[in-house]
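One structure is given below, encoded as structure tokens.
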Amino acid sequence: MLGKMTKQMLTGNASIAWGVRLSDVDYIPAYPVTPQTEIIESLSKWIREGQMDAGFVTMDSEHSMITAAGAASATGVRVFTATSSQGLMYGFEMLYTVSGWRVPFVMANVSRGLSSPITLEPDHNDILAARDTGFLQIHCETCQEALDSILIAYRLAEDKSVLLPAIVNMDGFYLSFTREPVEIPNKEIVREFLPPYKPTHAFFRASQPMAQGVAVLGGHIYSYFKYQMHMANNNALSIYKEVSEEFKETFGRGYGTVEGYMLDDAEYVLIMSNSFSAMGKAAVKRAREKGLRIGLLRLRLLRPFPEEDIREALKGRKASAVIDQNISVGKGGILYSEIAGVLYNEKQRPLLLSFIGGLGGKNISDAEFDFIFDAMMNAYSTGNVPQPALLYTEAELEEMERLKRVAGKG
Amino acid sequence: MIKSIKDLTFEEQMLPGTPACAGCGGLLALRHCLKALGEKTVIVNAAGCFTLLCVYPFTPFKSSWLYTAMACAPAGAQGVRDALNILIKKGRLDEKEDLKVVVLTGDGAAYDMGLSSTSGAIYRNLDFYYICYDNEAYGNTGFQSSGATPFGSKTGTTLPAELNPLGSELSKKDLFEIWRSHKPPYLATISPSHPVDIANKFKKCEGIKGPKLFIAHSPCPPGWATEPRLSAKFAKLAVETGIWPLKEALYGEVKHTLIPKKFKPVEEYLSEQGRFAHLFKPIRQEEAIKNIQERVNRYWK
Amino acid sequence: MLKVRFHGRGGQGAKIASRVLGTAAFLEGYYAQDFPLYGAERRGAPIAAFTRISKEPILERGVISEPDVIVVMDETLLDDPLANPLSGLGKEGLVFINTTHKAEDIKKRYRIDANVLTLDITKISLDILGKPILSALAGGAASKIVRLKETSLKEAVTRELSDITHEKGLIEKNIEASIYCFNALPSVLIKSNASHKKSDVITMPFEAADISSPSVTIPANTPLKKTGNWRIFKPVWDYELCTKCMTCVMRCPDGCIRVNEEGFPYSDYENCKGCMICAEECPAKAIRKEREVHAW
Ligand SMILES: Cc1ncc(C[n+]2csc(CCOP(=O)(O)OP(=O)(O)O)c2C)c(N)n1
Ligand code: SF4
Ligand code: SF4
Ligand code: SF4
């Protein structure tokens, strides 16, 4: 049953806002930060115009904002909030704190490279810094996916066997400010998919006192609570499959924990996440036209990490390459390490190559994709896996030379 | 208006058995505040000694509690208050289930790290209570100097030593005035030695919507290096010497609720506290003692 | 290796006692390790501290769960379910207890199989120091028990106390008290306690957030903690003198004082921490302070 749906040209930010509007969210504490601001502006406008029945408050910082979001959720309402990069870092202490409260609100993060140097365009160091906090994480490639993921995130987060907050991530600029046609689902149908939030584990009311977020002393007590969070987060894997199945039946679109593109018969696999995956898909398509058996695996559910699905997707391949749009300074690509961990105990596993690309929104050109494809094939034929490398072109370095001279560094 | 200590309610909102130190002045202040607030409260607490009031699986409170973090208890209060309002407005919670939202923090959180979130909450006219137990240092971490540490106090980070014989060279921030500049409807200083004053102040602001803020002077035996039995006495002496003025500001207008008929010299308050002992022994720091007395005199002029 | 565990109440000096012992052993050329365990509790609440002494480098860290020697600096701790000071004690082990009672009586009363030594070090500290700060005394007792030398103890007390106080006289008195305890106890041979209790590794069962969130849904249950065990002195009311002014009731930080049917105040001794504010504040001087002896 698809119901009545409308399609519109929407930015990623507007798509998220629509997702929130459709989810009957009660409360939105907010704080502006580029490139997320348009989300909270849209929501604020709808609330002021009476199109959404929710409380909206501009807080004094993201630290306060995430606290207020968690506290409101701990009181028993459905909460949304949004941030990006510097804001996520500013509120970092509270990410761990509120997820420990087991409160299922949803937050959008619009990825942006982290200072210093301060910049505006996307990479994923911000969101991946939050990977250990307890939040579920869904990473999106398209505006439609961003909208849909908000609905899915609430279902997941509020599931009785999960009850953890969730982040829906999308890239700044490449999605946040980019318009494309998006189907806005019918509200009545959304309501069926996402029933009202009625917590039995965390609320405040006079007749049933509750002390929440209390301290613990002793490693065995702390370990219990932490590991329960871990198990709850992992529960979201199987729940995700049910929910996305139901989503597909209801809305006609489905999203796996990972997405395969031209993967079926692929011998070589490119692994990416978020909006740059589209460029990766284009490169894969070009390679296919040249007769190369290359496919792409896009990581979508980052927490819980769909280890089994990743293993399955990479089974029997000759080589795969991870493009990390992030850098753990002093170590390298974060997702490369995570995927390597997933594959390590497999008897037959593909060679695994690591590339850092797209930092601070740097473009990844055809030549760079071709370079990766060559490297994978070469590694397979020689058995030698190249050192992790940065994707960077000669032209880019020349441009850097010019800028350095202007800066007096030449 | 309550006249005598005998008229205070015997109803307790917080039961014994807490991990707070024997003789904790802040706990005594909190006990009286909660008596005045009644049973329908939710305390939103910041990192500090009182975080440990609720250690799994225990709570001393008859009502509810949420521990946040050091800087953001007022933001937590915002979330709780707003959520309760929404639930009631949307008919999902009976009005009888409503709670008074009470921020509880030490001075370190109030004067320093949480200043921004408190400023935000007052600015947004959040309907909440704020109880700051002011033990004049970071108590939970072992008593290091905070923005509330008075001139001359010894703390873990202002040890009187050869190069700095006076202890803390800096003076206490005036949180009352910092908060008052935000124009909250009600603001008061209180002391655990004056429970009737506490009760009356809470009575006075009952029913006022918006921020209702309290700064409680809180003798702290381990930090002040005083005997537990003397906590009430030092609280009283602070009032009687004029060091801790009992006052309130209703819509910004300041009124003292107790003006000592005859001020005791500050020395009486200082000399028996370990944290000020270096001002008297081995050498009497005449200048410093005079300086403290003059500040008090200037205030009351 | 010898493993010593100190149990005291915050402010009594368990941490410094463990350091006195550690330093004394170090001065005699042993490998030594000492550290306190900080709990939530503050002054008056149960705390523990640990010292390891060995001829070889020490490869253990953290809490000592199976000690050879236990120093209980406050007899009331023996009744404290949260402190649980005798846990992990083997038959070969030794417990020193600060109490007014005799070792045989203590053994019977608390059903202790291991060796027990007792001494009223609170009285000694009140006599010599004028206050119940037991660090040097407990350190002295422990040094004797593990057979260290008096000279090392003396030096250790000096070093440890110089870190906290510059008062020469106070350090001298602490040395005196410490040596007094050292000499009042026999030196004993302790066999290292090798028993290891085994508990199997399990798979953590999942529980939904209704149960597994860190929240407490029973209100006001702290009275179960029985902080009455913290007391060294106890407030005792004399109703002949009491004017029922209610000052004491309103001055108790913990809210331990209630009013009986005749309108007289009385304390909930199960939780009264013995801060003595009530006694200090009573205008009629109707509350006296009594040394808390564990009468049984
Ligand atoms: C962000 C952060 N920094 C530091 C701390 C460590 N910390 C815990 S309690 C505390 C002292 C708080 O002092 P105050 O607000 O005066 O309360 P008190 O401890 O005196 O009760 C500090 C610094 C913390 N919990 N969080
Ligand atoms: S350290 Fe001070 S403020 Fe903290 S619990 Fe002890 S007496 Fe109270
Ligand atoms: S303070 Fe003294 S006189 Fe007053 S009620 Fe208590 S015991 Fe009686
Ligand atoms: S000694 Fe007195 S004031 Fe202190 S806890 Fe006991 S009853 Fe309360």
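In the structure tokens, each chain is lettered A, B, ... as it comes, each chain's residues begin at 1, and ligands are numbered from 1 in order of appearance.
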
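Residues in contact range of Leu194 in chain A, defined as at most 8 Å between only C-alpha atoms, with sequence neighbours fewer than 6 positions away removed, read A:Ser23, A:Leu151, A:Tyr154, A:Arg155.
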
Selection export as a PDB file, in the first residue's frame, atoms kept: C-alpha atoms:
```pdb
ATOM      1  CA  SER A  23       7.519  11.599  12.785  1.00  0.00           C
ATOM      2  CA  LEU A 151      11.556   7.402  10.231  1.00  0.00           C
ATOM      3  CA  TYR A 154      12.925   6.341  15.412  1.00  0.00           C
ATOM      4  CA  ARG A 155      11.582   2.841  14.926  1.00  0.00           C
TER       5      ARG A 155
END
```

Closest atom pairs, residues of chain B within 12 Å of ligand 2, only C-alpha atoms and all ligand atoms, as a Markdown table:
```
| residue | atom | partner | partner_atom_place_in_ligand_line | distance |
| --- | --- | --- | --- | --- |
| B:Thr18 | CA | ligand 2 | 5 (S) | 9.4 |
| B:Pro19 | CA | ligand 2 | 5 (S) | 7.4 |
| B:Ala20 | CA | ligand 2 | 5 (S) | 4.1 |
| B:Cys21 | CA | ligand 2 | 6 (Fe) | 4.2 |
| B:Ala22 | CA | ligand 2 | 7 (S) | 6.9 |
| B:Gly23 | CA | ligand 2 | 7 (S) | 6.3 |
| B:Cys24 | CA | ligand 2 | 7 (S) | 3.8 |
| B:Gly25 | CA | ligand 2 | 8 (Fe) | 6.2 |
| B:Gly26 | CA | ligand 2 | 8 (Fe) | 5.6 |
| B:Leu27 | CA | ligand 2 | 8 (Fe) | 6.5 |
| B:Leu28 | CA | ligand 2 | 8 (Fe) | 9.2 |
| B:Ala29 | CA | ligand 2 | 8 (Fe) | 10.4 |
| B:Leu30 | CA | ligand 2 | 8 (Fe) | 10.7 |
| B:Ala47 | CA | ligand 2 | 4 (Fe) | 11.3 |
| B:Gly48 | CA | ligand 2 | 4 (Fe) | 7.6 |
| B:Cys49 | CA | ligand 2 | 4 (Fe) | 4.6 |
| B:Phe50 | CA | ligand 2 | 5 (S) | 6.7 |
| B:Thr51 | CA | ligand 2 | 5 (S) | 9.7 |
| B:Leu52 | CA | ligand 2 | 5 (S) | 8.6 |
| B:Leu53 | CA | ligand 2 | 5 (S) | 9.0 |
| B:Thr105 | CA | ligand 2 | 3 (S) | 10.6 |
| B:Gly106 | CA | ligand 2 | 3 (S) | 8.0 |
| B:Asp107 | CA | ligand 2 | 3 (S) | 9.9 |
| B:Gly108 | CA | ligand 2 | 3 (S) | 11.2 |
| B:Cys132 | CA | ligand 2 | 3 (S) | 11.1 |
| B:Tyr133 | CA | ligand 2 | 3 (S) | 7.7 |
| B:Asp134 | CA | ligand 2 | 3 (S) | 8.0 |
| B:Asn135 | CA | ligand 2 | 3 (S) | 5.8 |
| B:Glu136 | CA | ligand 2 | 3 (S) | 9.1 |
| B:Ala137 | CA | ligand 2 | 3 (S) | 8.9 |
| B:Tyr138 | CA | ligand 2 | 1 (S) | 8.6 |
| B:Gly139 | CA | ligand 2 | 1 (S) | 4.9 |
| B:Asn140 | CA | ligand 2 | 4 (Fe) | 5.7 |
| B:Thr141 | CA | ligand 2 | 1 (S) | 8.5 |
| B:Gly142 | CA | ligand 2 | 1 (S) | 7.1 |
| B:Phe143 | CA | ligand 2 | 1 (S) | 7.4 |
| B:Gln144 | CA | ligand 2 | 1 (S) | 11.0 |
| B:Ala216 | CA | ligand 2 | 3 (S) | 11.3 |
| B:His217 | CA | ligand 2 | 3 (S) | 10.3 |
| B:Ser218 | CA | ligand 2 | 3 (S) | 6.9 |
| B:Pro219 | CA | ligand 2 | 7 (S) | 6.8 |
| B:Cys220 | CA | ligand 2 | 2 (Fe) | 3.7 |
| B:Pro221 | CA | ligand 2 | 7 (S) | 5.2 |
| B:Pro222 | CA | ligand 2 | 1 (S) | 5.8 |
| B:Gly223 | CA | ligand 2 | 2 (Fe) | 5.9 |
| B:Trp224 | CA | ligand 2 | 2 (Fe) | 8.0 |
| B:Ala225 | CA | ligand 2 | 2 (Fe) | 9.8 |
| B:Thr226 | CA | ligand 2 | 7 (S) | 9.8 |
| B:Glu227 | CA | ligand 2 | 7 (S) | 10.3 |
| B:Pro228 | CA | ligand 2 | 7 (S) | 8.2 |
| B:Arg229 | CA | ligand 2 | 7 (S) | 11.4 |
| B:Leu230 | CA | ligand 2 | 7 (S) | 11.6 |
| B:Ser231 | CA | ligand 2 | 7 (S) | 8.9 |
| B:Ala232 | CA | ligand 2 | 7 (S) | 11.9 |
```

Interface list for chain A, partner chain C, 12 Å threshold, only C-alpha atoms, as an NGL selection string: :A and (74 or 97-104 or 157-164 or 199-235)

Contact set, chain B to chain A: 9 Å, only C-alpha atoms, as an MDAnalysis selection string: chainID B and resid 39:43 51:59 61:69 71:84 86:87 93 96:99 116:117 119:121 124

Strand (DSSP E) call set, DSSP backbone run, range 94-278 of chain B, as a compact mmCIF listing (two decimals) with N, CA and C atoms, in the first residue's frame:
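For reference, selection.txt as written:
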```txt
# COMPACT_ATOMS: atom_id res chain seq x y z
N LYS B 100 8.11 20.00 40.12
CA LYS B 100 8.96 21.18 40.12
C LYS B 100 10.36 20.75 39.69
N VAL B 101 10.94 21.49 38.78
CA VAL B 101 12.25 21.10 38.28
C VAL B 101 13.32 21.89 39.04
N VAL B 102 14.23 21.15 39.66
CA VAL B 102 15.19 21.77 40.57
C VAL B 102 16.63 21.43 40.14
N VAL B 103 17.37 22.45 39.76
CA VAL B 103 18.79 22.23 39.45
C VAL B 103 19.58 22.23 40.76
N LEU B 104 20.46 21.27 40.90
CA LEU B 104 21.30 21.18 42.10
C LEU B 104 22.76 21.06 41.66
N THR B 105 23.55 22.09 41.99
CA THR B 105 24.98 22.02 41.64
C THR B 105 25.83 22.64 42.73
N GLY B 106 27.10 22.34 42.70
CA GLY B 106 28.05 23.01 43.57
C GLY B 106 28.42 24.36 42.98
N PHE B 128 12.09 27.15 36.73
CA PHE B 128 12.84 26.16 37.51
C PHE B 128 13.43 26.76 38.77
N TYR B 129 13.88 25.89 39.64
CA TYR B 129 14.62 26.31 40.83
C TYR B 129 16.09 25.95 40.62
N TYR B 130 16.95 26.77 41.14
CA TYR B 130 18.38 26.44 41.11
C TYR B 130 18.88 26.50 42.55
N ILE B 131 19.42 25.40 43.05
CA ILE B 131 20.05 25.41 44.37
C ILE B 131 21.55 25.18 44.17
N CYS B 132 22.32 26.21 44.47
CA CYS B 132 23.78 26.07 44.41
C CYS B 132 24.29 25.94 45.84
N TYR B 133 24.87 24.78 46.17
CA TYR B 133 25.51 24.66 47.49
C TYR B 133 26.95 25.12 47.31
N ASP B 134 27.24 26.20 47.97
CA ASP B 134 28.51 26.88 47.73
C ASP B 134 29.50 26.56 48.86
N TYR B 186 13.19 35.81 40.79
CA TYR B 186 13.53 35.63 42.20
C TYR B 186 14.92 35.04 42.37
N LEU B 187 15.61 35.59 43.33
CA LEU B 187 17.00 35.21 43.57
C LEU B 187 17.29 35.45 45.04
N ALA B 188 17.98 34.53 45.68
CA ALA B 188 18.25 34.73 47.11
C ALA B 188 19.53 34.01 47.52
N THR B 189 20.15 34.52 48.57
CA THR B 189 21.20 33.77 49.25
C THR B 189 20.57 33.16 50.49
N ILE B 190 21.06 31.98 50.84
CA ILE B 190 20.53 31.32 52.04
C ILE B 190 21.68 30.70 52.82
N PRO B 211 12.75 31.58 36.58
CA PRO B 211 13.88 31.11 37.39
C PRO B 211 13.77 31.59 38.84
N LYS B 212 13.98 30.68 39.77
CA LYS B 212 14.01 30.99 41.20
C LYS B 212 15.32 30.42 41.72
N LEU B 213 16.23 31.31 42.06
CA LEU B 213 17.62 30.88 42.22
C LEU B 213 18.11 31.07 43.65
N PHE B 214 18.81 30.08 44.16
CA PHE B 214 19.26 30.10 45.55
C PHE B 214 20.74 29.75 45.64
N ILE B 215 21.47 30.56 46.37
CA ILE B 215 22.87 30.25 46.62
C ILE B 215 23.02 29.99 48.12
N ALA B 216 23.39 28.76 48.45
CA ALA B 216 23.45 28.37 49.86
C ALA B 216 24.91 28.29 50.32
N HIS B 217 25.24 29.05 51.31
CA HIS B 217 26.58 28.94 51.91
C HIS B 217 26.67 27.57 52.54
N LEU B 246 22.47 37.60 54.00
CA LEU B 246 21.23 36.91 53.62
C LEU B 246 20.35 37.93 52.93
N LYS B 247 20.07 37.68 51.67
CA LYS B 247 19.31 38.66 50.91
C LYS B 247 18.48 38.00 49.84
N GLU B 248 17.62 38.77 49.23
CA GLU B 248 16.83 38.26 48.12
C GLU B 248 16.64 39.39 47.12
N ALA B 249 16.32 39.03 45.91
CA ALA B 249 15.99 40.04 44.91
C ALA B 249 14.73 39.58 44.21
N LEU B 250 13.63 40.26 44.51
CA LEU B 250 12.35 39.96 43.88
C LEU B 250 12.23 40.90 42.70
N GLU B 253 14.85 43.71 42.71
CA GLU B 253 15.02 44.63 43.82
C GLU B 253 15.62 43.91 45.04
N VAL B 254 16.79 44.37 45.45
CA VAL B 254 17.51 43.65 46.50
C VAL B 254 17.03 44.06 47.88
N LYS B 255 16.79 43.06 48.71
CA LYS B 255 16.42 43.32 50.10
C LYS B 255 17.19 42.35 50.99
N HIS B 256 17.77 42.89 52.07
CA HIS B 256 18.42 41.98 53.00
C HIS B 256 17.40 41.41 53.96
N THR B 257 17.43 40.11 54.13
CA THR B 257 16.42 39.50 55.00
C THR B 257 16.91 39.40 56.43
N LEU B 258 18.20 39.66 56.63
CA LEU B 258 18.71 39.70 57.99
C LEU B 258 19.90 40.65 58.01
```

Which residues of chain C come within 12 Å of ligand 3, and for each one, what is the closest pair of atoms and their distance in Å to one decimal, counting only C-alpha atoms and all ligand atoms, sorted by chain and residue number, as a tab-separated table?
```
residue	atom	partner	partner_atom_place_in_ligand_line	distance
C:Pro235	CA	ligand 3	7 (S)	9.8
C:Val236	CA	ligand 3	7 (S)	9.0
C:Trp237	CA	ligand 3	7 (S)	6.1
C:Asp238	CA	ligand 3	7 (S)	7.2
C:Tyr239	CA	ligand 3	8 (Fe)	7.1
C:Glu240	CA	ligand 3	8 (Fe)	9.2
C:Leu241	CA	ligand 3	3 (S)	6.7
C:Cys242	CA	ligand 3	8 (Fe)	3.6
C:Thr243	CA	ligand 3	3 (S)	4.3
C:Lys244	CA	ligand 3	5 (S)	3.7
C:Cys245	CA	ligand 3	4 (Fe)	3.9
C:Met246	CA	ligand 3	5 (S)	4.0
C:Thr247	CA	ligand 3	1 (S)	4.2
C:Cys248	CA	ligand 3	1 (S)	4.1
C:Val249	CA	ligand 3	6 (Fe)	6.3
C:Met250	CA	ligand 3	1 (S)	8.7
C:Arg251	CA	ligand 3	1 (S)	8.7
C:Cys252	CA	ligand 3	6 (Fe)	10.3
C:Ile257	CA	ligand 3	6 (Fe)	8.9
C:Arg258	CA	ligand 3	6 (Fe)	10.0
C:Val259	CA	ligand 3	5 (S)	8.8
C:Asn260	CA	ligand 3	5 (S)	11.1
C:Glu262	CA	ligand 3	5 (S)	11.7
C:Gly263	CA	ligand 3	5 (S)	8.6
C:Phe264	CA	ligand 3	5 (S)	6.6
C:Pro265	CA	ligand 3	5 (S)	5.9
C:Tyr266	CA	ligand 3	7 (S)	8.3
C:Ser267	CA	ligand 3	6 (Fe)	10.3
C:Met276	CA	ligand 3	1 (S)	11.6
C:Ile277	CA	ligand 3	1 (S)	10.0
C:Cys278	CA	ligand 3	1 (S)	6.6
C:Ala279	CA	ligand 3	2 (Fe)	7.4
C:Glu280	CA	ligand 3	1 (S)	8.9
C:Glu281	CA	ligand 3	1 (S)	6.4
C:Cys282	CA	ligand 3	1 (S)	3.7
C:Pro283	CA	ligand 3	2 (Fe)	5.8
C:Ala284	CA	ligand 3	3 (S)	4.9
C:Lys285	CA	ligand 3	2 (Fe)	6.1
C:Ala286	CA	ligand 3	2 (Fe)	5.0
C:Ile287	CA	ligand 3	7 (S)	5.7
C:Arg288	CA	ligand 3	7 (S)	9.4
```

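Once range 266-279 of chain B and its same-chain neighbours fewer than 6 positions away are set aside, Gly152, Ser153, Lys154, Pro160, Leu166, Trp224, Ala225, Thr226, Phe234, Leu237, Ala238, Thr241, Gln285 and Gln293 of chain B remain within 7 Å of it when counting only C-alpha atoms.
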
Writer output for current selection, all heavy atoms, as an mmCIF file, in the first residue's frame:
```cif
data_model
loop_
_atom_site.group_PDB
_atom_site.id
_atom_site.type_symbol
_atom_site.label_atom_id
_atom_site.label_comp_id
_atom_site.auth_asym_id
_atom_site.auth_seq_id
_atom_site.Cartn_x
_atom_site.Cartn_y
_atom_site.Cartn_z
ATOM 1 N N GLY B 152 42.255 34.511 50.289
ATOM 2 C CA GLY B 152 42.907 34.049 51.512
ATOM 3 C C GLY B 152 42.681 32.587 51.833
ATOM 4 O O GLY B 152 43.276 32.070 52.768
ATOM 5 N N SER B 153 41.841 31.906 51.040
ATOM 6 C CA SER B 153 41.549 30.510 51.385
ATOM 7 C C SER B 153 42.631 29.578 50.869
ATOM 8 O O SER B 153 43.124 29.712 49.765
ATOM 9 C CB SER B 153 40.203 30.104 50.784
ATOM 10 O OG SER B 153 40.011 28.711 50.937
ATOM 11 N N LYS B 154 42.962 28.628 51.693
ATOM 12 C CA LYS B 154 43.825 27.542 51.263
ATOM 13 C C LYS B 154 42.952 26.506 50.540
ATOM 14 O O LYS B 154 41.882 26.147 51.017
ATOM 15 C CB LYS B 154 44.473 26.912 52.496
ATOM 16 C CG LYS B 154 45.166 25.594 52.254
ATOM 17 C CD LYS B 154 45.733 25.110 53.577
ATOM 18 C CE LYS B 154 46.113 23.643 53.505
ATOM 19 N NZ LYS B 154 46.660 23.170 54.780
ATOM 20 N N PRO B 160 49.084 27.853 50.743
ATOM 21 C CA PRO B 160 49.943 28.922 51.222
ATOM 22 C C PRO B 160 51.383 28.394 51.256
ATOM 23 O O PRO B 160 51.623 27.349 51.846
ATOM 24 C CB PRO B 160 49.445 29.208 52.639
ATOM 25 C CG PRO B 160 48.246 28.357 52.829
ATOM 26 C CD PRO B 160 48.214 27.315 51.781
ATOM 27 N N LEU B 166 49.455 33.782 51.214
ATOM 28 C CA LEU B 166 48.064 34.086 51.530
ATOM 29 C C LEU B 166 47.068 33.029 51.085
ATOM 30 O O LEU B 166 45.883 33.151 51.337
ATOM 31 C CB LEU B 166 47.662 35.420 50.892
ATOM 32 C CG LEU B 166 48.482 36.628 51.378
ATOM 33 C CD1 LEU B 166 47.929 37.894 50.756
ATOM 34 C CD2 LEU B 166 48.459 36.727 52.898
ATOM 35 N N TRP B 224 37.159 22.732 54.425
ATOM 36 C CA TRP B 224 37.445 23.901 55.248
ATOM 37 C C TRP B 224 38.380 23.565 56.402
ATOM 38 O O TRP B 224 38.803 24.443 57.132
ATOM 39 C CB TRP B 224 36.138 24.492 55.802
ATOM 40 C CG TRP B 224 35.233 25.092 54.757
ATOM 41 C CD1 TRP B 224 35.298 24.877 53.402
ATOM 42 C CD2 TRP B 224 34.146 25.989 54.972
ATOM 43 N NE1 TRP B 224 34.312 25.595 52.776
ATOM 44 C CE2 TRP B 224 33.584 26.286 53.709
ATOM 45 C CE3 TRP B 224 33.575 26.571 56.115
ATOM 46 C CZ2 TRP B 224 32.493 27.152 53.554
ATOM 47 C CZ3 TRP B 224 32.482 27.426 55.965
ATOM 48 C CH2 TRP B 224 31.961 27.711 54.686
ATOM 49 N N ALA B 225 38.668 22.289 56.547
ATOM 50 C CA ALA B 225 39.466 21.805 57.666
ATOM 51 C C ALA B 225 38.860 22.276 58.986
ATOM 52 O O ALA B 225 39.477 22.965 59.790
ATOM 53 C CB ALA B 225 40.928 22.228 57.541
ATOM 54 N N THR B 226 37.586 21.899 59.135
ATOM 55 C CA THR B 226 36.865 22.243 60.361
ATOM 56 C C THR B 226 36.249 20.967 60.922
ATOM 57 O O THR B 226 36.098 19.985 60.200
ATOM 58 C CB THR B 226 35.727 23.239 60.064
ATOM 59 O OG1 THR B 226 34.930 22.704 58.989
ATOM 60 C CG2 THR B 226 36.280 24.587 59.647
ATOM 61 N N PHE B 234 29.766 27.742 61.863
ATOM 62 C CA PHE B 234 30.456 28.573 60.869
ATOM 63 C C PHE B 234 29.477 29.203 59.886
ATOM 64 O O PHE B 234 29.680 30.330 59.433
ATOM 65 C CB PHE B 234 31.532 27.766 60.140
ATOM 66 C CG PHE B 234 32.756 27.542 60.984
ATOM 67 C CD1 PHE B 234 33.175 26.270 61.299
ATOM 68 C CD2 PHE B 234 33.470 28.632 61.492
ATOM 69 C CE1 PHE B 234 34.293 26.062 62.107
ATOM 70 C CE2 PHE B 234 34.588 28.429 62.300
ATOM 71 C CZ PHE B 234 34.998 27.144 62.609
ATOM 72 N N LEU B 237 28.232 32.095 61.832
ATOM 73 C CA LEU B 237 29.242 33.156 61.955
ATOM 74 C C LEU B 237 29.410 33.938 60.647
ATOM 75 O O LEU B 237 29.645 35.150 60.659
ATOM 76 C CB LEU B 237 30.593 32.551 62.363
ATOM 77 C CG LEU B 237 30.839 32.422 63.858
ATOM 78 C CD1 LEU B 237 32.145 31.680 64.118
ATOM 79 C CD2 LEU B 237 30.846 33.789 64.542
ATOM 80 N N ALA B 238 29.292 33.237 59.532
ATOM 81 C CA ALA B 238 29.421 33.921 58.249
ATOM 82 C C ALA B 238 28.339 34.978 58.112
ATOM 83 O O ALA B 238 28.574 36.066 57.573
ATOM 84 C CB ALA B 238 29.340 32.914 57.108
ATOM 85 N N THR B 241 29.057 37.854 60.848
ATOM 86 C CA THR B 241 30.177 38.751 60.557
ATOM 87 C C THR B 241 29.894 39.604 59.319
ATOM 88 O O THR B 241 30.645 40.512 59.001
ATOM 89 C CB THR B 241 31.460 37.952 60.259
ATOM 90 O OG1 THR B 241 31.163 36.997 59.240
ATOM 91 C CG2 THR B 241 31.974 37.240 61.490
ATOM 92 N N GLN B 285 48.959 37.531 59.234
ATOM 93 C CA GLN B 285 48.939 38.303 57.987
ATOM 94 C C GLN B 285 47.956 39.462 58.168
ATOM 95 O O GLN B 285 46.835 39.444 57.667
ATOM 96 C CB GLN B 285 48.529 37.403 56.816
ATOM 97 C CG GLN B 285 49.399 36.185 56.626
ATOM 98 C CD GLN B 285 50.746 36.520 56.008
ATOM 99 O OE1 GLN B 285 50.992 37.650 55.565
ATOM 100 N NE2 GLN B 285 51.654 35.554 55.994
ATOM 101 N N GLN B 293 38.264 42.188 56.210
ATOM 102 C CA GLN B 293 37.323 42.965 57.032
ATOM 103 C C GLN B 293 36.821 44.182 56.259
ATOM 104 O O GLN B 293 35.620 44.497 56.261
ATOM 105 C CB GLN B 293 38.018 43.417 58.332
ATOM 106 C CG GLN B 293 37.095 44.173 59.287
ATOM 107 C CD GLN B 293 35.980 43.280 59.827
ATOM 108 O OE1 GLN B 293 36.241 42.289 60.497
ATOM 109 N NE2 GLN B 293 34.738 43.594 59.501
#
```

Residues within 12 Å of Gly130 in chain C, only C-alpha atoms, excluding chain neighbours under 3 positions, as a PyMOL selection string: chain C and resi 122-127+133-134+170+173-174+177

Every residue of range 49-282 of chain A that DSSP places in alpha helix (DSSP H), as a PyMOL selection string: chain A and resi 62-75+85-90+92-100+125-129+143-158+187-193+219-251+277-282
